[in-house]
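Participant: Below is the file work.txt, which contains compact mmCIF, N, CA and C atoms.
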```
# COMPACT_ATOMS: atom_id res chain seq x y z
N MET A 880 66.98 14.88 34.07
CA MET A 880 67.22 14.02 35.21
C MET A 880 68.01 14.81 36.25
N SER A 881 67.69 14.65 37.49
CA SER A 881 68.37 15.39 38.54
C SER A 881 69.44 14.53 39.20
N LEU A 882 70.17 15.14 40.09
CA LEU A 882 71.25 14.48 40.79
C LEU A 882 70.74 13.24 41.52
N SER A 883 71.45 12.14 41.39
CA SER A 883 71.06 10.91 42.05
C SER A 883 72.20 10.44 42.94
N SER A 884 72.03 9.28 43.52
CA SER A 884 73.09 8.73 44.37
C SER A 884 74.23 8.15 43.56
N ARG A 885 74.11 8.09 42.24
CA ARG A 885 75.19 7.53 41.41
C ARG A 885 76.50 8.30 41.61
N SER A 886 76.40 9.62 41.73
CA SER A 886 77.62 10.41 41.94
C SER A 886 78.29 10.04 43.26
N ALA A 887 77.51 9.89 44.31
CA ALA A 887 78.07 9.53 45.61
C ALA A 887 78.72 8.15 45.56
N VAL A 888 78.07 7.20 44.90
CA VAL A 888 78.64 5.86 44.77
C VAL A 888 79.94 5.92 43.96
N ALA A 889 79.94 6.66 42.87
CA ALA A 889 81.13 6.78 42.04
C ALA A 889 82.29 7.40 42.80
N ILE A 890 82.03 8.47 43.53
CA ILE A 890 83.08 9.14 44.30
C ILE A 890 83.60 8.23 45.41
N HIS A 891 82.71 7.50 46.06
CA HIS A 891 83.10 6.55 47.09
C HIS A 891 84.02 5.48 46.49
N ALA A 892 83.61 4.91 45.36
CA ALA A 892 84.42 3.88 44.71
C ALA A 892 85.79 4.41 44.30
N LEU A 893 85.81 5.58 43.69
CA LEU A 893 87.08 6.17 43.27
C LEU A 893 87.99 6.44 44.48
N THR A 894 87.41 6.89 45.57
CA THR A 894 88.21 7.16 46.78
C THR A 894 88.78 5.86 47.33
N MET A 895 88.00 4.80 47.32
CA MET A 895 88.54 3.51 47.75
C MET A 895 89.70 3.08 46.87
N LEU A 896 89.53 3.23 45.56
CA LEU A 896 90.58 2.83 44.63
C LEU A 896 91.83 3.70 44.80
N GLY A 897 91.62 4.97 45.15
CA GLY A 897 92.75 5.86 45.39
C GLY A 897 93.44 5.59 46.71
N ARG A 898 92.75 4.97 47.63
CA ARG A 898 93.28 4.71 48.97
C ARG A 898 94.32 3.59 48.99
N TRP A 899 94.07 2.53 48.20
CA TRP A 899 94.96 1.37 48.23
C TRP A 899 95.73 1.23 46.93
N ASP A 900 96.95 0.73 47.04
CA ASP A 900 97.81 0.54 45.86
C ASP A 900 97.64 -0.85 45.26
N ARG A 901 96.40 -1.27 45.17
CA ARG A 901 96.10 -2.55 44.54
C ARG A 901 94.71 -2.45 43.94
N SER A 902 94.41 -3.35 43.05
CA SER A 902 93.07 -3.34 42.48
C SER A 902 92.09 -3.90 43.51
N LEU A 903 90.85 -3.47 43.40
CA LEU A 903 89.79 -3.93 44.30
C LEU A 903 88.68 -4.55 43.47
N THR A 904 88.03 -5.54 44.03
CA THR A 904 86.89 -6.14 43.35
C THR A 904 85.64 -5.30 43.60
N SER A 905 84.67 -5.49 42.76
CA SER A 905 83.40 -4.78 42.97
C SER A 905 82.75 -5.22 44.28
N THR A 906 82.99 -6.45 44.70
CA THR A 906 82.46 -6.92 45.98
C THR A 906 83.10 -6.17 47.14
N GLU A 907 84.41 -5.94 47.08
CA GLU A 907 85.08 -5.19 48.15
C GLU A 907 84.54 -3.76 48.22
N ILE A 908 84.36 -3.15 47.08
CA ILE A 908 83.83 -1.79 47.05
C ILE A 908 82.39 -1.78 47.55
N ALA A 909 81.60 -2.75 47.12
CA ALA A 909 80.20 -2.84 47.55
C ALA A 909 80.09 -3.03 49.05
N GLU A 910 81.00 -3.78 49.65
CA GLU A 910 80.98 -3.97 51.10
C GLU A 910 81.17 -2.64 51.82
N SER A 911 82.07 -1.82 51.33
CA SER A 911 82.29 -0.50 51.94
C SER A 911 81.06 0.38 51.81
N LEU A 912 80.36 0.22 50.70
CA LEU A 912 79.14 1.00 50.45
C LEU A 912 77.91 0.40 51.11
N ALA A 913 78.05 -0.82 51.65
CA ALA A 913 76.90 -1.58 52.14
C ALA A 913 75.85 -1.65 51.03
N SER A 914 76.33 -2.04 49.86
CA SER A 914 75.51 -2.04 48.65
C SER A 914 75.67 -3.35 47.90
N ASN A 915 75.02 -3.42 46.76
CA ASN A 915 75.03 -4.59 45.91
C ASN A 915 76.17 -4.50 44.89
N PRO A 916 76.98 -5.56 44.73
CA PRO A 916 78.07 -5.53 43.75
C PRO A 916 77.60 -5.26 42.32
N VAL A 917 76.38 -5.67 41.98
CA VAL A 917 75.88 -5.42 40.63
C VAL A 917 75.74 -3.92 40.38
N LEU A 918 75.19 -3.19 41.36
CA LEU A 918 75.08 -1.74 41.25
C LEU A 918 76.47 -1.13 41.11
N VAL A 919 77.39 -1.58 41.92
CA VAL A 919 78.75 -1.05 41.89
C VAL A 919 79.39 -1.32 40.52
N ARG A 920 79.19 -2.51 39.97
CA ARG A 920 79.76 -2.81 38.65
C ARG A 920 79.19 -1.89 37.57
N ARG A 921 77.90 -1.56 37.66
CA ARG A 921 77.31 -0.64 36.69
C ARG A 921 77.98 0.73 36.77
N ILE A 922 78.16 1.21 37.99
CA ILE A 922 78.81 2.52 38.19
C ILE A 922 80.26 2.46 37.70
N LEU A 923 80.96 1.39 38.06
CA LEU A 923 82.34 1.25 37.61
C LEU A 923 82.43 1.17 36.09
N GLY A 924 81.45 0.56 35.47
CA GLY A 924 81.42 0.52 34.00
C GLY A 924 81.34 1.91 33.40
N SER A 925 80.51 2.76 33.99
CA SER A 925 80.42 4.15 33.52
C SER A 925 81.73 4.89 33.76
N LEU A 926 82.36 4.63 34.90
CA LEU A 926 83.65 5.27 35.20
C LEU A 926 84.73 4.78 34.22
N ARG A 927 84.66 3.50 33.85
CA ARG A 927 85.60 2.96 32.86
C ARG A 927 85.38 3.61 31.50
N ASP A 928 84.12 3.74 31.11
CA ASP A 928 83.81 4.38 29.82
C ASP A 928 84.32 5.81 29.77
N ALA A 929 84.39 6.46 30.91
CA ALA A 929 84.88 7.84 30.99
C ALA A 929 86.40 7.91 31.14
N GLY A 930 87.06 6.76 31.20
CA GLY A 930 88.52 6.75 31.31
C GLY A 930 89.05 7.01 32.70
N LEU A 931 88.21 6.81 33.72
CA LEU A 931 88.64 7.07 35.10
C LEU A 931 89.16 5.82 35.80
N VAL A 932 88.66 4.65 35.41
CA VAL A 932 89.12 3.39 35.98
C VAL A 932 89.34 2.39 34.86
N TRP A 933 90.01 1.30 35.19
CA TRP A 933 90.15 0.19 34.27
C TRP A 933 90.05 -1.08 35.09
N SER A 934 89.79 -2.17 34.40
CA SER A 934 89.63 -3.43 35.10
C SER A 934 90.47 -4.51 34.46
N THR A 935 90.81 -5.50 35.29
CA THR A 935 91.47 -6.70 34.80
C THR A 935 90.64 -7.88 35.25
N GLU A 936 90.58 -8.88 34.42
CA GLU A 936 89.78 -10.06 34.73
C GLU A 936 90.68 -11.17 35.25
N GLY A 937 90.03 -12.17 35.80
CA GLY A 937 90.75 -13.35 36.25
C GLY A 937 91.27 -13.23 37.67
N ARG A 938 92.04 -14.23 38.04
CA ARG A 938 92.59 -14.29 39.40
C ARG A 938 93.44 -13.05 39.68
N GLY A 939 93.17 -12.41 40.79
CA GLY A 939 93.90 -11.19 41.14
C GLY A 939 93.39 -9.97 40.40
N GLY A 940 92.32 -10.13 39.62
CA GLY A 940 91.78 -9.01 38.86
C GLY A 940 90.96 -8.08 39.73
N GLY A 941 90.49 -7.05 39.12
CA GLY A 941 89.68 -6.07 39.83
C GLY A 941 89.75 -4.73 39.14
N TRP A 942 89.42 -3.71 39.90
CA TRP A 942 89.32 -2.34 39.37
C TRP A 942 90.45 -1.49 39.94
N SER A 943 90.97 -0.59 39.11
CA SER A 943 92.03 0.33 39.51
C SER A 943 91.77 1.68 38.86
N LEU A 944 92.38 2.70 39.43
CA LEU A 944 92.29 4.02 38.81
C LEU A 944 93.06 4.02 37.50
N ALA A 945 92.53 4.68 36.50
CA ALA A 945 93.19 4.75 35.20
C ALA A 945 94.19 5.90 35.13
N ARG A 946 94.11 6.81 36.08
CA ARG A 946 95.08 7.90 36.17
C ARG A 946 95.23 8.27 37.64
N PRO A 947 96.24 9.05 37.99
CA PRO A 947 96.46 9.36 39.41
C PRO A 947 95.25 10.05 40.06
N ALA A 948 95.04 9.74 41.33
CA ALA A 948 93.91 10.29 42.08
C ALA A 948 93.94 11.82 42.11
N ARG A 949 95.11 12.40 42.04
CA ARG A 949 95.22 13.87 42.06
C ARG A 949 94.74 14.49 40.75
N GLU A 950 94.54 13.66 39.72
CA GLU A 950 94.08 14.14 38.42
C GLU A 950 92.60 13.84 38.16
N ILE A 951 91.92 13.30 39.14
CA ILE A 951 90.49 12.98 38.99
C ILE A 951 89.71 13.85 39.96
N THR A 952 88.81 14.67 39.43
CA THR A 952 88.01 15.54 40.28
C THR A 952 86.64 14.91 40.55
N LEU A 953 85.98 15.47 41.55
CA LEU A 953 84.63 15.02 41.84
C LEU A 953 83.70 15.32 40.67
N TYR A 954 83.98 16.40 39.96
CA TYR A 954 83.17 16.71 38.78
C TYR A 954 83.37 15.66 37.68
N ASP A 955 84.60 15.17 37.52
CA ASP A 955 84.84 14.10 36.55
C ASP A 955 83.95 12.89 36.87
N ALA A 956 83.89 12.54 38.14
CA ALA A 956 83.07 11.40 38.56
C ALA A 956 81.60 11.67 38.29
N HIS A 957 81.16 12.86 38.61
CA HIS A 957 79.75 13.23 38.41
C HIS A 957 79.36 13.12 36.94
N VAL A 958 80.16 13.70 36.07
CA VAL A 958 79.86 13.70 34.64
C VAL A 958 79.85 12.27 34.09
N ALA A 959 80.69 11.42 34.65
CA ALA A 959 80.78 10.04 34.16
C ALA A 959 79.53 9.23 34.43
N VAL A 960 78.80 9.56 35.49
CA VAL A 960 77.68 8.70 35.89
C VAL A 960 76.30 9.35 35.84
N GLU A 961 76.24 10.66 35.67
CA GLU A 961 74.96 11.36 35.66
C GLU A 961 74.65 11.86 34.25
N ALA A 962 73.42 11.74 33.86
CA ALA A 962 72.99 12.23 32.56
C ALA A 962 72.10 13.45 32.74
N GLY A 963 72.29 14.43 31.92
CA GLY A 963 71.42 15.60 31.95
C GLY A 963 71.81 16.62 33.00
N PRO A 964 71.00 17.65 33.11
CA PRO A 964 71.30 18.72 34.06
C PRO A 964 71.14 18.25 35.50
N ILE A 965 71.77 18.96 36.41
CA ILE A 965 71.71 18.63 37.83
C ILE A 965 70.34 18.94 38.40
N LEU A 966 69.81 20.09 38.05
CA LEU A 966 68.51 20.53 38.56
C LEU A 966 67.43 20.27 37.52
N SER A 967 66.35 19.67 37.94
CA SER A 967 65.26 19.32 37.02
C SER A 967 64.55 20.57 36.52
N ARG A 968 64.21 20.53 35.25
CA ARG A 968 63.44 21.60 34.63
C ARG A 968 61.98 21.18 34.59
N HIS A 969 61.11 22.08 34.14
CA HIS A 969 59.70 21.74 33.95
C HIS A 969 59.60 20.53 33.02
N ALA A 970 58.75 19.58 33.37
CA ALA A 970 58.56 18.40 32.54
C ALA A 970 57.84 18.75 31.23
N HIS A 971 57.01 19.78 31.27
CA HIS A 971 56.31 20.25 30.07
C HIS A 971 56.13 21.76 30.21
N PRO A 972 55.95 22.47 29.13
CA PRO A 972 55.84 23.94 29.20
C PRO A 972 54.64 24.38 30.05
N PRO A 973 54.88 25.37 30.93
CA PRO A 973 53.77 25.91 31.72
C PRO A 973 52.80 26.71 30.83
N SER A 974 51.71 27.10 31.39
CA SER A 974 50.66 27.82 30.66
C SER A 974 51.08 29.23 30.30
N ASP A 975 50.91 29.58 29.03
CA ASP A 975 51.14 30.96 28.58
C ASP A 975 50.03 31.88 29.05
N ALA A 976 48.91 31.33 29.49
CA ALA A 976 47.78 32.13 29.96
C ALA A 976 48.05 32.74 31.35
N CYS A 977 49.10 32.26 32.01
CA CYS A 977 49.42 32.74 33.36
C CYS A 977 50.67 33.60 33.32
N GLU A 978 50.66 34.73 34.02
CA GLU A 978 51.83 35.61 33.99
C GLU A 978 53.06 34.93 34.62
N VAL A 979 52.87 34.09 35.60
CA VAL A 979 54.00 33.34 36.16
C VAL A 979 54.46 32.28 35.16
N GLY A 980 53.51 31.53 34.61
CA GLY A 980 53.82 30.48 33.65
C GLY A 980 54.56 30.97 32.44
N ARG A 981 54.22 32.17 31.96
CA ARG A 981 54.87 32.73 30.76
C ARG A 981 56.36 32.96 30.97
N HIS A 982 56.76 33.23 32.19
CA HIS A 982 58.14 33.66 32.44
C HIS A 982 58.98 32.68 33.26
N MET A 983 58.33 31.75 33.93
CA MET A 983 59.04 30.91 34.89
C MET A 983 60.15 30.08 34.26
N GLN A 984 59.93 29.48 33.10
CA GLN A 984 60.96 28.65 32.49
C GLN A 984 62.25 29.44 32.25
N ALA A 985 62.14 30.61 31.68
CA ALA A 985 63.32 31.42 31.40
C ALA A 985 64.01 31.87 32.69
N LEU A 986 63.22 32.26 33.67
CA LEU A 986 63.80 32.69 34.95
C LEU A 986 64.52 31.55 35.64
N LEU A 987 63.88 30.39 35.69
CA LEU A 987 64.52 29.24 36.32
C LEU A 987 65.74 28.78 35.54
N GLU A 988 65.69 28.84 34.23
CA GLU A 988 66.82 28.41 33.42
C GLU A 988 68.07 29.21 33.79
N ASP A 989 67.93 30.53 33.92
CA ASP A 989 69.07 31.37 34.32
C ASP A 989 69.59 30.98 35.70
N GLU A 990 68.68 30.85 36.66
CA GLU A 990 69.08 30.51 38.03
C GLU A 990 69.73 29.13 38.09
N PHE A 991 69.11 28.15 37.46
CA PHE A 991 69.62 26.79 37.50
C PHE A 991 70.97 26.69 36.79
N ARG A 992 71.12 27.38 35.67
CA ARG A 992 72.39 27.34 34.94
C ARG A 992 73.52 27.91 35.82
N GLU A 993 73.26 29.01 36.49
CA GLU A 993 74.28 29.58 37.38
C GLU A 993 74.59 28.66 38.55
N ALA A 994 73.57 28.03 39.13
CA ALA A 994 73.78 27.11 40.24
C ALA A 994 74.59 25.89 39.78
N GLU A 995 74.27 25.37 38.60
CA GLU A 995 75.00 24.22 38.08
C GLU A 995 76.45 24.58 37.77
N GLN A 996 76.68 25.78 37.29
CA GLN A 996 78.04 26.22 37.01
C GLN A 996 78.83 26.33 38.32
N ALA A 997 78.20 26.85 39.37
CA ALA A 997 78.87 26.95 40.66
C ALA A 997 79.20 25.56 41.21
N MET A 998 78.29 24.63 41.04
CA MET A 998 78.55 23.27 41.50
C MET A 998 79.68 22.64 40.69
N GLN A 999 79.67 22.84 39.39
CA GLN A 999 80.74 22.31 38.54
C GLN A 999 82.09 22.86 38.98
N GLU A 1000 82.16 24.14 39.23
CA GLU A 1000 83.42 24.75 39.66
C GLU A 1000 83.87 24.20 41.00
N ARG A 1001 82.93 24.05 41.94
CA ARG A 1001 83.27 23.54 43.28
C ARG A 1001 83.74 22.10 43.20
N LEU A 1002 82.99 21.24 42.52
CA LEU A 1002 83.39 19.84 42.41
C LEU A 1002 84.67 19.68 41.61
N GLY A 1003 84.93 20.60 40.72
CA GLY A 1003 86.15 20.56 39.92
C GLY A 1003 87.39 20.92 40.70
N ARG A 1004 87.23 21.52 41.86
CA ARG A 1004 88.37 21.89 42.70
C ARG A 1004 88.79 20.77 43.65
N THR A 1005 87.95 19.79 43.85
CA THR A 1005 88.26 18.71 44.79
C THR A 1005 88.64 17.46 44.02
N THR A 1006 89.78 16.89 44.39
CA THR A 1006 90.25 15.67 43.73
C THR A 1006 90.01 14.46 44.62
N ILE A 1007 90.10 13.31 44.00
CA ILE A 1007 90.01 12.05 44.75
C ILE A 1007 91.17 11.97 45.74
N ALA A 1008 92.34 12.43 45.36
CA ALA A 1008 93.49 12.43 46.27
C ALA A 1008 93.18 13.24 47.52
N HIS A 1009 92.50 14.36 47.36
CA HIS A 1009 92.11 15.20 48.50
C HIS A 1009 91.19 14.42 49.44
N LEU A 1010 90.23 13.69 48.87
CA LEU A 1010 89.33 12.90 49.71
C LEU A 1010 90.08 11.78 50.43
N VAL A 1011 91.02 11.14 49.74
CA VAL A 1011 91.83 10.11 50.38
C VAL A 1011 92.58 10.70 51.57
N ASP A 1012 93.17 11.87 51.38
CA ASP A 1012 93.88 12.55 52.48
C ASP A 1012 92.93 12.84 53.64
N GLN A 1013 91.72 13.28 53.33
CA GLN A 1013 90.75 13.57 54.39
C GLN A 1013 90.35 12.30 55.14
N VAL A 1014 90.16 11.20 54.41
CA VAL A 1014 89.83 9.92 55.05
C VAL A 1014 90.94 9.53 56.01
N LEU A 1015 92.18 9.60 55.55
CA LEU A 1015 93.32 9.22 56.39
C LEU A 1015 93.44 10.12 57.62
N THR A 1016 93.20 11.39 57.44
CA THR A 1016 93.23 12.32 58.58
C THR A 1016 92.15 11.96 59.59
N LYS A 1017 90.95 11.72 59.12
CA LYS A 1017 89.84 11.37 60.02
C LYS A 1017 90.09 10.04 60.72
N GLU A 1018 90.72 9.09 60.03
CA GLU A 1018 91.03 7.79 60.64
C GLU A 1018 92.02 7.93 61.78
N ARG A 1019 92.88 8.93 61.71
CA ARG A 1019 93.88 9.15 62.76
C ARG A 1019 93.28 9.81 64.00
N GLU A 1020 92.09 10.39 63.85
CA GLU A 1020 91.42 11.02 64.99
C GLU A 1020 90.88 9.94 65.91
N PRO A 1021 91.20 9.99 67.21
CA PRO A 1021 90.78 8.92 68.13
C PRO A 1021 89.26 8.67 68.16
N ALA A 1022 88.45 9.69 68.03
CA ALA A 1022 87.00 9.51 68.14
C ALA A 1022 86.40 8.73 66.99
N THR A 1023 87.09 8.66 65.84
CA THR A 1023 86.49 7.99 64.67
C THR A 1023 86.96 6.57 64.50
N ARG A 1024 87.89 6.14 65.31
CA ARG A 1024 88.39 4.76 65.17
C ARG A 1024 87.34 3.79 65.67
N HIS A 1025 87.12 2.75 64.89
CA HIS A 1025 86.09 1.77 65.25
C HIS A 1025 86.70 0.41 65.59
N ARG A 1026 87.99 0.31 65.58
CA ARG A 1026 88.63 -1.00 65.85
C ARG A 1026 89.53 -0.95 67.03
```
Could you render the structure from this file as structure tokens?
Facilitator:
Amino acid sequence: MSLSSRSAVAIHALTMLGRWDRSLTSTEIAESLASNPVLVRRILGSLRDAGLVWSTEGRGGGWSLARPAREITLYDAHVAVEAGPILSRHAHPPSDACEVGRHMQALLEDEFREAEQAMQERLGRTTIAHLVDQVLTKEREPATRHR
């Protein structure tokens, strides 16, 4: 399976949770995403299973970060919601009768593994706290204010 929008939704949700010092409902997060709360709850469930968020039920309940935003990386979010490698491999083995087919899987495997490692390292350097700081900085810029 290749990279999907689940990582973007998860990172968005985590950044929202890192932005405010209160729990948020899946509806509040979905409104920011212009998305469906059911989709958001599924993503939050995966983040909860990974130990990144927790939830409380009932009046005043909602979702919160399970650990400080500075301790959650974008890679943590990605791993929590994505299954399998980032880059898709051949769905079935290519033909051994072709000189390209005989070698392509091994060649792509090396390239894709290195690319995935680079992405893991890059996403592992950025924390949710960093994204919150960037959001706040951008909000202070006059051109981005919408209110």
Participant: Using only N, CA and C atoms, which residues sit within 7 Å of region 918-920 of chain A once same-chain residues fewer than 5 positions away are excluded, as an MDAnalysis selection string?
Facilitator: chainID A and resid 905 908:909 925
Participant: Could you please write out, as a PyMOL selection string, every residue of chain A that DSSP assigns to alpha helix (DSSP H)?
Facilitator: chain A and resi 885-898+905-912+916-928+953-960+978-1004+1007-1019
Participant: From the set A:Ala985, A:Ala1008, A:Leu953, A:Ala889, which residue has the shortest atom-to-atom contact distance to Leu926 (chain A), counting only N, CA and C atoms?
Facilitator: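 Closest to Leu926 (chain A) of all the choices is A:Ala889.
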Participant: From the options A:Trp942, A:Trp933, A:Val960, A:Tyr954, which residue's atoms come nearest to Arg885 (chain A), counting all atoms listed in the file?
Facilitator: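 Selected residue with least distance to Arg885 (chain A): A:Val960.
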Participant: What's the separation between CA of Ala997 (chain A) and atom C of Ala962 (chain A), in Å to one decimal place?
Facilitator: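 Rounded to one decimal, the two atoms are 17.1 Å apart.
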Participant: Could you find all residues in region 886-1018 of chain A that DSSP calls strand (DSSP E) from the backbone, and write them as a ChimeraX atom specification?
Facilitator: /A:932-935,941-944
Participant: Env of Thr904 (chain A): 12 Å cut, atoms = only C-alpha atoms, seq-sep filter 6 positions within chain, self excluded. Answer as a list in words.
Facilitator: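 Everything that qualifies: Ala892, Met895, Leu896, Glu910, Ser911, Pro916, Val917, Val919, Arg920, Leu923, Trp933, Ser934, Thr935, Glu936, Gly937, Arg938, Gly939, Gly940, Gly941, Trp942 and Ser943 of chain A.
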Participant: Do you have the atom N of Arg981 (chain A)-atom C of Ala994 (chain A) distance handy?
Facilitator: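 These atoms are spaced 22.7 Å apart.
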Participant: Which value, in Å to one decimal, gives the distance between CA of Ile965 (chain A) and CA of Glu995 (chain A)?
Facilitator: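 For CA of Ile965 (chain A) relative to CA of Glu995 (chain A), the distance reads 6.5 Å.
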Participant: Using only C-alpha atoms, list the residues that have an atom at most 12 Å from (70.3, 27.2, 33.9), coordinates as in the file, as a list in words.
Facilitator: Gly963, Pro964, Ile965, Leu966, Ser967, Arg968, His969, Met983, Gln984, Ala985, Leu986, Leu987, Glu988, Asp989, Glu990, Phe991, Arg992, Glu993, Ala994, Glu995, Gln996, Ala997 and Met998 of chain A
Participant: Save the residues we just selected, N, CA and C atoms, as an mmCIF file, in the coordinates of the input?
Facilitator:
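Below you can see result_4.cif, which holds the result:
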```cif
data_model
loop_
_atom_site.group_PDB
_atom_site.id
_atom_site.type_symbol
_atom_site.label_atom_id
_atom_site.label_comp_id
_atom_site.auth_asym_id
_atom_site.auth_seq_id
_atom_site.Cartn_x
_atom_site.Cartn_y
_atom_site.Cartn_z
ATOM 1 N N GLY A 963 72.290 14.430 31.920
ATOM 2 C CA GLY A 963 71.420 15.600 31.950
ATOM 3 C C GLY A 963 71.810 16.620 33.000
ATOM 4 N N PRO A 964 71.000 17.650 33.110
ATOM 5 C CA PRO A 964 71.300 18.720 34.060
ATOM 6 C C PRO A 964 71.140 18.250 35.500
ATOM 7 N N ILE A 965 71.770 18.960 36.410
ATOM 8 C CA ILE A 965 71.710 18.630 37.830
ATOM 9 C C ILE A 965 70.340 18.940 38.400
ATOM 10 N N LEU A 966 69.810 20.090 38.050
ATOM 11 C CA LEU A 966 68.510 20.530 38.560
ATOM 12 C C LEU A 966 67.430 20.270 37.520
ATOM 13 N N SER A 967 66.350 19.670 37.940
ATOM 14 C CA SER A 967 65.260 19.320 37.020
ATOM 15 C C SER A 967 64.550 20.570 36.520
ATOM 16 N N ARG A 968 64.210 20.530 35.250
ATOM 17 C CA ARG A 968 63.440 21.600 34.630
ATOM 18 C C ARG A 968 61.980 21.180 34.590
ATOM 19 N N HIS A 969 61.110 22.080 34.140
ATOM 20 C CA HIS A 969 59.700 21.740 33.950
ATOM 21 C C HIS A 969 59.600 20.530 33.020
ATOM 22 N N MET A 983 58.330 31.750 33.930
ATOM 23 C CA MET A 983 59.040 30.910 34.890
ATOM 24 C C MET A 983 60.150 30.080 34.260
ATOM 25 N N GLN A 984 59.930 29.480 33.100
ATOM 26 C CA GLN A 984 60.960 28.650 32.490
ATOM 27 C C GLN A 984 62.250 29.440 32.250
ATOM 28 N N ALA A 985 62.140 30.610 31.680
ATOM 29 C CA ALA A 985 63.320 31.420 31.400
ATOM 30 C C ALA A 985 64.010 31.870 32.690
ATOM 31 N N LEU A 986 63.220 32.260 33.670
ATOM 32 C CA LEU A 986 63.800 32.690 34.950
ATOM 33 C C LEU A 986 64.520 31.550 35.640
ATOM 34 N N LEU A 987 63.880 30.390 35.690
ATOM 35 C CA LEU A 987 64.520 29.240 36.320
ATOM 36 C C LEU A 987 65.740 28.780 35.540
ATOM 37 N N GLU A 988 65.690 28.840 34.230
ATOM 38 C CA GLU A 988 66.820 28.410 33.420
ATOM 39 C C GLU A 988 68.070 29.210 33.790
ATOM 40 N N ASP A 989 67.930 30.530 33.920
ATOM 41 C CA ASP A 989 69.070 31.370 34.320
ATOM 42 C C ASP A 989 69.590 30.980 35.700
ATOM 43 N N GLU A 990 68.680 30.850 36.660
ATOM 44 C CA GLU A 990 69.080 30.510 38.030
ATOM 45 C C GLU A 990 69.730 29.130 38.090
ATOM 46 N N PHE A 991 69.110 28.150 37.460
ATOM 47 C CA PHE A 991 69.620 26.790 37.500
ATOM 48 C C PHE A 991 70.970 26.690 36.790
ATOM 49 N N ARG A 992 71.120 27.380 35.670
ATOM 50 C CA ARG A 992 72.390 27.340 34.940
ATOM 51 C C ARG A 992 73.520 27.910 35.820
ATOM 52 N N GLU A 993 73.260 29.010 36.490
ATOM 53 C CA GLU A 993 74.280 29.580 37.380
ATOM 54 C C GLU A 993 74.590 28.660 38.550
ATOM 55 N N ALA A 994 73.570 28.030 39.130
ATOM 56 C CA ALA A 994 73.780 27.110 40.240
ATOM 57 C C ALA A 994 74.590 25.890 39.780
ATOM 58 N N GLU A 995 74.270 25.370 38.600
ATOM 59 C CA GLU A 995 75.000 24.220 38.080
ATOM 60 C C GLU A 995 76.450 24.580 37.770
ATOM 61 N N GLN A 996 76.680 25.780 37.290
ATOM 62 C CA GLN A 996 78.040 26.220 37.010
ATOM 63 C C GLN A 996 78.830 26.330 38.320
ATOM 64 N N ALA A 997 78.200 26.850 39.370
ATOM 65 C CA ALA A 997 78.870 26.950 40.660
ATOM 66 C C ALA A 997 79.200 25.560 41.210
ATOM 67 N N MET A 998 78.290 24.630 41.040
ATOM 68 C CA MET A 998 78.550 23.270 41.500
ATOM 69 C C MET A 998 79.680 22.640 40.690
#
```
Participant: Using 9 Å as the limit and counting only C-alpha atoms, can you tabulate each residue of region 935-955 of chain A that touches region 1003-1006 of chain A, with its shortest atom-to-atom distance in Å and the two atoms involved, as a Markdown table?
Facilitator:
```
| residue | atom | partner | partner_atom | distance |
| --- | --- | --- | --- | --- |
| A:Ala948 | CA | A:Thr1006 | CA | 6.7 |
| A:Arg949 | CA | A:Thr1006 | CA | 5.5 |
| A:Glu950 | CA | A:Thr1006 | CA | 6.7 |
| A:Ile951 | CA | A:Thr1006 | CA | 5.5 |
| A:Thr952 | CA | A:Thr1006 | CA | 4.1 |
| A:Leu953 | CA | A:Thr1005 | CA | 6.0 |
| A:Tyr954 | CA | A:Gly1003 | CA | 5.0 |
| A:Asp955 | CA | A:Gly1003 | CA | 7.4 |
```
